[in-house]
Each structure stands twice: as C-alpha cells, then as structure tokens.
Amino acid sequence: MSASQWRRAMNSAATAAAPTIATRPATAPRAATPVGHADAMPTSLARLVARIRPRHVIVLLAAVAYPFLASPFFTYQIGAQSLALGLIALSLTFLGGYGGMVSLAQMTVAGVAGYGIAIFGTSSFPAISLGWPWWLAVCISLTAATVFAAVVGWLSVRTEGIYTIMITLAVGVAFFYLAQQNYTVFNGFGGFSKIAAPELFGIDFREPVPFYFVALGCALAGYFLVRHLVRAPFGIALQGIRDNPRRMASLGYHVNAHRIAAYAVSGLLAAVGGVLMVWYNGRISPGTVNLAQMIGILIIAVLGGMKHPIGAFIGAIVYVLLQNFAIDLFIRERFNLVIGGVFLAIVLFSPDGLLGLWAKLRSRLVQGPISPQKRRQP
Amino acid sequence: MTEQRKKIALWLLFGGPVAVFSVWAIADNAPLYFKTLLNGLTLASLYFLVASGFTLVFGLMRNVNLAHGSLYLLGAYVGWVVGENTGSWLLAVAAGFLSAAALGLLLQLFIFRFMEGQDLRQTLVTIGLSIVLADLMLWAFGGEIYTFDAPALIYGSTVLPVVEKFPTYRLFVLLAAIAIGVGLWTFLARTRVGMMIRAGVDDRGMLAASGVNVQLVFAVTFAIGAGLAGLAGVVGGTALSISPGEDTRYLLASLVVVIVGGMGSVVGASIGALLIGLAEQFGLAYAPTYSVVFTFVIMVVALAFRPRGIMGKAG
C-alpha cells in the first residue's frame with residue numbers, strides 16, 4: 001500500500017507547514033524530548049506574545065464570559081459537554097492530523113479512564129467500586145488509560161495506514177463487548193451510576209458553572225499542550241514520520257517509538273476528556289464506549305477539520321448542538337441520520353472539514369497575499 | 001532448518017495448550033466439547049461468508065468497507081421481506097444476495113470510483129454510510145427481532161454420534177459455507193474474471209496497463225463482495241436472528257477475521273474465521289464473561305507474530 005496516497009488523502013498541511021519548520025530539526029536533539037526549552041524561555045515567551053491575535057483574545061474572553069451569559073442548560077449541556085468531547089476529539093486530531101494515524105479507539109481510551117473513575121472511586125455499586133479518594137482515582141485512571149493507549153499504539157504501529165483504523169476499531173468494539181459481558185469488573189450492561197465530580201474548597205464541581213470552568217481549564221491545557229508539542233522537536237519528528245516514515249528512519253529516528261509516544265500523549269488527552277465525560281454524565285456504561293460513540297469522536301474531529309487543534313472543539317460544538325436541537329428541527333430520534341448525513345456531506349465535499357470550508361470561503365473573499373500567509377502554521 | 005525448528009516451536013507453543021485443553025475437556029464432558037466444536041464451526045462458516053466479501057474488496061481496491069456490516073443487515077431485512085411475501089426461503093436468500101450486490105454496485109459506481117487511491121476518505125465515507133444505513137433500517141424495520149423459517153428439509157435436528165442432537169440447519173450452514181468457499185476459490189483460481197481479480201490484488205497498475213477494464217473488475221468484485229454479505233445476512237439471520245446492532249457484530253467479526261487471516265486472501269479469511277468462530281464458542285461455553293478476550297488475544301498474537309495476518313503478503 002502506498003504511503004504517498006495515504007498521505008495525500010490524510011492531509012496536505014505538511015507542505016504548508018514545511019517551510020517554516022524546516023530549519024528546526026537540524027538544531028533539535030535526535031531523541032526529541034518535548035521539554036528542554038528552559039534556557040530559551042524568554043525568547044519563546046516573547047514569540048508567544050507576538051503570536052497572539054485579536055481573534056485569540058476574543059475566543060478566550062467569549063469562553064470565559066459564556067457561563068455568565070448563558071442559562072445553566074447551555075453552560076452544562078452544550079458548553080461543558082462540547083469541551084469534554086472536544087478534548088477527546090483533540091486527541092484524535094493530534095494523532096491523525098499530526099501523526100497520520102487515525103484511531104477509532106480514542107473513545108475507548110476515554111472509556112477506560114471513565115471506568116477507572118467508577119471502579120477506583122465511588123459509585124452506586126459499592127461491591128465493585130473501591131471508594132478511594134477522587135484524586136487517587138483520577139491519577140490511576142489517567143495512568144491506566146495512557147498505558148492502554150500506548151498498548152493500542154504498540155499493536156497498531158506494527159502495521160500502517162488504513163490498517164490502523166481497522167485494528168483500533170476492533171480493539172474498541174472488543175472493549176465494548178468485554179464491558180458489556182463482564183459483570184465482575186465492569187458490572188456488565190448496567191455499568192456504574194452516581195459518579196460525581198468532587199467537592200473542593202467549598203465549591204461543588206457538580207454545579208454547571210464550576211464544572212464548566214474545570215472543563216474549560218482542561219480543554220485549554222490540552223489545546224496548548226498540542227500547540228506546544230507540534231512545534232517541539234517531538235512533534236516535528238512526528239510530522240516528518242507522518243509524511244515519510246522511511247526517510248525519517250534513515251535519518252536515525254525511531255519511527256515506532258515516536259508513534260507509540262504519540263499514542264500515549266493522545267491517550268492522556270482522551271483520558272482527561274473521559275474523566276470529564278464521566279463526571280458530566282454521572283454514570284458510565286457500555287453505551288458510553290459503543291461503536292456509535294467511537295465513531296462520534298471521529299465525526300467530531302473530521303467535521304471540525306484535522307489540520308488545526310481548534311477544529312476538534314468547533315466540531316464538538318456543532319455535534320453537540322446538532323445532538324440537542326436537530327431532533328427538534330427534523331424528525332424526532334433521527335439524530336443518527338442527520339449526523340451521518342452531515343458527516344457524509346463533509347467527507348464527500350470538504351475533506352478538511354469546517355475549517356477547510358472556512359479557509360476556502362476566506363480565500364475566495366479575500367484574494368491575494370493574505371491567504372497563503374494565513375495557512376502559515378497548522 | 002532453523003526456520004523449520006521455529007515453526008515447530010510455534011506450533012508447540014500455541015497448539016500445546018489447545019491440545020491439553022481438548023484432552024481435558026473431552027475427558028470431562030465429551031458431548032459439551034463436541035457440541036461447542038460444531039457450534040464454533042457453524043459460527044466460523046457465517047464469519048467466513050461475511051469476511052470473504054470484505055477481504056476480497058479490500059484486497060483489490062484497498063477499500064476498507066466499514067459499511068460491510070450494514071450490507072449484511074440490509075440483505076437480511078430485504079430477504080426477510082421477500083421470504084415473508086413469497087414464502088420461499090431460497091428466494092429470500094437470492095433477494096438478500098441481489099439487494100446487497102446492487103447496493104454495492106451503486107456505491108462503487110457513484111461514490112468510490114471518484115475517490116480512487118484516497119484510502120482514508122473512502123473509509124470515512126463507508127463509516128458515514130454505515131451510520132445512515134443503520135438509522136434508515138432502524139426507521140424502516142424498528143427495533144424488533146426478526147426470524148426466518150428455514151425450509152422443512154433442513155429444519156429440525158439431526159442425530160449425530162457423540163453430540164446426540166444437533167440442529168440440521170447449522171449443519172447446512174457449515175456445508176453451504178464450504179460449498180461457497182470452494183466455489184469462490186474456483187472462481188478466483190480458474191475463471192478469467194477471477195484471474196483478473198487476483199492480478200488486480202497483486203498489481204492494479206499492471207492490470208490496467210494490460211488492457212483490462214479495471215473499473216469493470218472493481219464493480220464486479222464489489223458486487224460479489226457485497227452480495228456475499230447480503231447472502232450471509234439471510235443465512236445467518238436464519239441460524240440466529242436479525243435485529244439492529246447485528247451489523248456491528250458482523251463488522252467486528254469481519255475485521256478481526258481479516259486482520260488475523262490476512263487481508264485480501266480468501267484462504268486467510270477461512271483460517272481466520274475458523275480461529276475466531278471456535279474461540280468465540282469455546283469462550284462462551286467455558287468462560288462466559290471473558291469470551292471476547294479470547295478473540296482479542298488471537299488478534300494480538302497474530303499481529304505480534306505476523307503483522308499482515310496469517311496468509312497476508314508483505315508489501
């Protein structure tokens with residue numbers, strides 16, 4: 001199977017990004033550790049400030065002001081859910097957009113973290129739940145989910161390209177059936193309920209506004225982590241591997257190690273999203289990790305566009321809005337038809353998602369020197 | 001020589017525990033063991049019918065058709081409607097085959113033809129299609145469970161030596177799968193179109209360069225692959241039942257079977273189907289809550305030792 005076709009189908013952002021980053025791998029250490037910029041801090045901070053645009057400030061202010069303007073329903077059901085789902089989709093964007101590996105198991109990773117919270121923390125099912133303090137449960141869940149993601153990665157990097165999607169799909173569906181069949185650990189079909197976000201410093205994080213800010217904090221942290229990683233030596237090497245694994249291997253990079261590390265990083269992102277999802281829903285059952293949910297994450301990522309991390313959140317907002325309101329606009333309970341149709345339309349007519357649509361629209365409206373400059377960074 | 005020794009070691013490593021388990025299980029409860037074996041073979045036949053189409057399409061077109069499960073379910077539903085109205089089970093089977101084949105043909109002609117070489121996009125399209133199709137079928141047929149009535153000839157049960165009684169229909173499924181497998185192999189190995197398909201699996205470009213209308217070959221393959229899924233829908237629906245969600249089950253089965261067996265190989269699909277079908281039934285009989293784990297372990301082991309599947313070709 002030809003890597004070039006895969007790459008072309010996957011994304012062409014690399015060509016847009018290549019000129020600006022081409023000089024960096026030369027100075028980057030070979031074994032690419034993402035941290036290690038401590039001495040270069042002032043310059044990178046200055047560069048960071050210089051990069052802030054009005055739209056960044058507007059989006060951030062809007063996100064912070066949102067819960068004070070919107071009703072609790074919009075804050076919780078729309079806002080917080082979009083952020084949590086967006087975080088899981090972000091993990092796929094990182095993996096797929098920058099690593100060239102489209103995994104369908106991201107929701108499963110999130111589900112592992114969610115089940116971890118239920119099993120190690122408190123739930124309505126004390127026979128299984130161990131009732132450990134919430135911070136310990138969170139730590140264990142995140143670790144377990146990250147390790148799980150790395151194992152999935154280790155399995156799927158043995159093959160490449162389109163096989164990845166099949167293997168991750170098989171892993172995800174197998175986990176779903178395991179969770180459904182097994183009553184000793186996963187409590188089978190019913191799953192766990194009454195899993196609550198903790199109370200801390202007198203603030204009840206079950207309330208919409210505090211929970212929204214927790215989700216927002218996690219989402220921002222995830223977003224900036226991805227933004228940082230894709231510019232760090234590790235991310236550069238990863239994009240190089242996406243574009244030409246053979247060349248990277250001959251340059252001395254350990255291709256599979258980078259890929260597995262990418263799986264682990266994306267696993268951590270998905271795990272945080274999964275913990276948020278479980279707190280949001282207050283329950284977890286096999287339905288949380290079924291095929292529809294797994295594909296839902298893919299839909300969100302593709303809908304928004306995989307060329308930029310913000311696409312995941314845009315996709316999540318559209319998805320959640322559709323989920324909540326499309327059934328009122330169209331025929332009741334035909335959400336899957338609507339979302340499937342929208343997804344099909346996006347894949348058929350705008351492979352780069354809503355971001356791609358926006359870029360196309362923009363270049364049509366504002367012709368000339370601005371459009372190439374806009375696509376400077378992925 | 002070392003290669004051979006390695007092979008023997010591998011056989012011992014995996015065959016040993018299986019043999020030990022078999023001896024123990026036969027000594028413990030022979031009827032249960034053989035009944036599970038037969039059930040596993042029946043399930044393997046169904047998996048083979050579904051997965052052979054999947055692997056054929058993948059091998060030739062590099063198209064991971066994740067709507068394959070939907071084609072299975074569609075064939076089953078259409079077959080059920082036809083069977084209900086005509087009262088003929090054979091017509092139902094034919095309708096299942098034809099309806100799924102027709103849909104497959106349409107998909108190839110109107111969608112996949114225009115995105116050749118874009119593997120990921122094709123896969124995403126099939127995902128979208130599977131969602132839309134699943135919801136349309138849920139809309140049309142509701143969430144009820146449908147069952148077929150098999151013809152009287154293969155209905156009831158047959159008395160076998162150790163197992164005592166076993167449903168005749170399941171034996172029929174086993175025989176039918178073997179017949180279809182042999183037929184498919186003959187078609188691929190002996191006929192002109194089959195030769196073109198095999199040539200296409202190996203090198204699409206050369207096939208096109210030698211003057212063959214590749215699009216036609218693609219369309220035929222897709223129709224056959226989809227048709228097999230539809231046929232399996234009716235056959236499997238008669239052995240078990242049809243309901244929403246079956247599409248996912250058979251999609252997973254097809255995926256695991258071709259991952260284990262090797263993509264693009266019909267022989268590989270039969271080996272994979274045997275392994276998975278037997279593992280699933282033995283898992284259900286002897287360790288009910290962990291039966292999926294066995295399937296998964298087989299997949300992991302296959303990937304660890306042969307990343308491209310047991311019969312998969314490198315490159």
# chains A, B, ... in the order shown; residues from 1 in each chain; ligands from 1
>>> interface_residues(of="chain A", to="chain B", cutoff="6 Å", atoms="only C-alpha atoms", output="compact mmCIF listing (two decimals) with all heavy atoms, in the first residue's frame")
# COMPACT_ATOMS: atom_id res chain seq x y z
N GLN A 5 -0.14 7.86 -1.21
CA GLN A 5 -1.59 8.04 -1.38
C GLN A 5 -2.22 8.33 -0.04
O GLN A 5 -3.06 9.22 0.10
CB GLN A 5 -2.21 6.78 -1.95
CG GLN A 5 -1.81 6.53 -3.37
CD GLN A 5 -2.22 5.15 -3.83
OE1 GLN A 5 -2.59 4.32 -3.02
NE2 GLN A 5 -2.17 4.92 -5.11
N ALA A 9 -4.26 11.65 0.98
CA ALA A 9 -5.63 11.62 1.46
C ALA A 9 -5.71 12.23 2.85
O ALA A 9 -6.64 12.95 3.18
CB ALA A 9 -6.12 10.18 1.50
N ARG A 158 2.41 -1.71 14.31
CA ARG A 158 3.04 -2.84 13.63
C ARG A 158 2.62 -2.86 12.17
O ARG A 158 3.31 -3.41 11.32
CB ARG A 158 2.68 -4.14 14.31
CG ARG A 158 3.06 -4.16 15.78
CD ARG A 158 2.78 -5.50 16.38
NE ARG A 158 3.65 -6.51 15.82
CZ ARG A 158 4.88 -6.72 16.25
NH1 ARG A 158 5.37 -6.00 17.22
NH2 ARG A 158 5.62 -7.65 15.71
N ALA A 170 -11.33 -2.61 15.89
CA ALA A 170 -11.51 -3.93 16.50
C ALA A 170 -11.25 -3.88 18.01
O ALA A 170 -12.00 -4.45 18.80
CB ALA A 170 -10.59 -4.95 15.84
N LEU A 178 -16.52 -6.55 25.92
CA LEU A 178 -15.99 -7.00 27.22
C LEU A 178 -16.72 -6.31 28.36
O LEU A 178 -17.17 -6.94 29.32
CB LEU A 178 -14.49 -6.72 27.29
CG LEU A 178 -13.84 -7.07 28.63
CD1 LEU A 178 -13.85 -8.56 28.84
CD2 LEU A 178 -12.43 -6.54 28.71
N GLN A 181 -20.19 -7.75 28.65
CA GLN A 181 -20.31 -9.15 29.09
C GLN A 181 -19.86 -9.35 30.52
O GLN A 181 -20.34 -10.24 31.21
CB GLN A 181 -19.43 -10.05 28.21
CG GLN A 181 -20.02 -10.41 26.89
CD GLN A 181 -19.11 -11.34 26.14
OE1 GLN A 181 -18.05 -11.70 26.62
NE2 GLN A 181 -19.53 -11.76 24.97
N ASN A 182 -18.89 -8.54 30.93
CA ASN A 182 -18.22 -8.83 32.18
C ASN A 182 -18.91 -8.13 33.35
O ASN A 182 -19.07 -6.91 33.37
CB ASN A 182 -16.77 -8.36 32.08
CG ASN A 182 -15.98 -8.78 33.29
OD1 ASN A 182 -16.16 -8.23 34.36
ND2 ASN A 182 -15.15 -9.79 33.13
N LEU A 337 -29.29 9.83 11.56
CA LEU A 337 -29.45 10.10 10.14
C LEU A 337 -28.89 11.48 9.82
O LEU A 337 -28.14 11.65 8.86
CB LEU A 337 -30.94 10.02 9.79
CG LEU A 337 -31.26 9.83 8.32
CD1 LEU A 337 -30.67 8.55 7.82
CD2 LEU A 337 -32.76 9.84 8.13
N GLY A 340 -25.07 11.51 10.46
CA GLY A 340 -24.43 10.70 9.43
C GLY A 340 -24.45 11.41 8.09
O GLY A 340 -23.46 11.41 7.36
N LEU A 344 -21.27 12.61 6.02
CA LEU A 344 -21.07 12.18 4.63
C LEU A 344 -20.83 13.38 3.73
O LEU A 344 -19.92 13.38 2.90
CB LEU A 344 -22.30 11.43 4.14
CG LEU A 344 -22.22 9.92 4.07
CD1 LEU A 344 -23.49 9.36 3.46
CD2 LEU A 344 -21.03 9.50 3.23
>>> select_by_dssp(residues="segment 20-211 of chain B", states="strand (DSSP E or B)", output="count of residues only")
9
>>> atom_distance(atom1="atom CA of Tyr47 of chain B", atom2="atom CA of Pro17 of chain B")
24.5 Å
>>> atom_distance(atom1="atom CA of Gly225 of chain B", atom2="atom CA of Pro244 of chain B")
21.4 Å
>>> residues_around(residues="segment 85-100 of chain B", least_positions_apart="3", cutoff="9 Å", atoms="only C-alpha atoms", output="PyMOL selection string")
chain B and resi 71-72+74-82+103-105+148-151+223-235
>>> write_last_selection(atoms="C-alpha atoms", output="compact mmCIF listing (two decimals), in the first residue's frame")
# COMPACT_ATOMS: atom_id res chain seq x y z
CA LEU B 71 -24.78 -4.67 3.81
CA TYR B 72 -25.18 -7.83 5.90
CA LEU B 74 -29.68 -4.93 4.59
CA GLY B 75 -29.51 -8.30 2.85
CA ALA B 76 -31.12 -9.89 5.89
CA TYR B 77 -34.00 -7.41 6.03
CA VAL B 78 -34.70 -7.48 2.29
CA GLY B 79 -34.50 -11.27 2.38
CA TRP B 80 -36.94 -11.32 5.27
CA VAL B 81 -39.46 -9.15 3.40
CA VAL B 82 -39.19 -11.31 0.28
CA LEU B 103 -26.26 -1.51 -3.36
CA GLY B 104 -22.57 -2.41 -3.51
CA LEU B 105 -22.55 -1.83 -7.25
CA PHE B 148 -36.68 -16.68 9.31
CA ASP B 149 -38.33 -20.04 8.85
CA ALA B 150 -35.91 -22.42 7.20
CA PRO B 151 -37.36 -24.87 4.67
CA ALA B 223 -20.92 -6.50 -6.21
CA ILE B 224 -19.78 -10.02 -5.32
CA GLY B 225 -18.30 -8.94 -2.02
CA ALA B 226 -21.40 -7.01 -1.03
CA GLY B 227 -23.65 -9.79 -2.31
CA LEU B 228 -21.87 -12.34 -0.12
CA ALA B 229 -22.53 -10.11 2.88
CA GLY B 230 -26.22 -9.94 1.97
CA LEU B 231 -26.40 -13.68 1.45
CA ALA B 232 -24.75 -14.22 4.79
CA GLY B 233 -27.38 -11.91 6.25
CA VAL B 234 -30.19 -14.27 5.29
CA VAL B 235 -28.25 -17.43 6.12
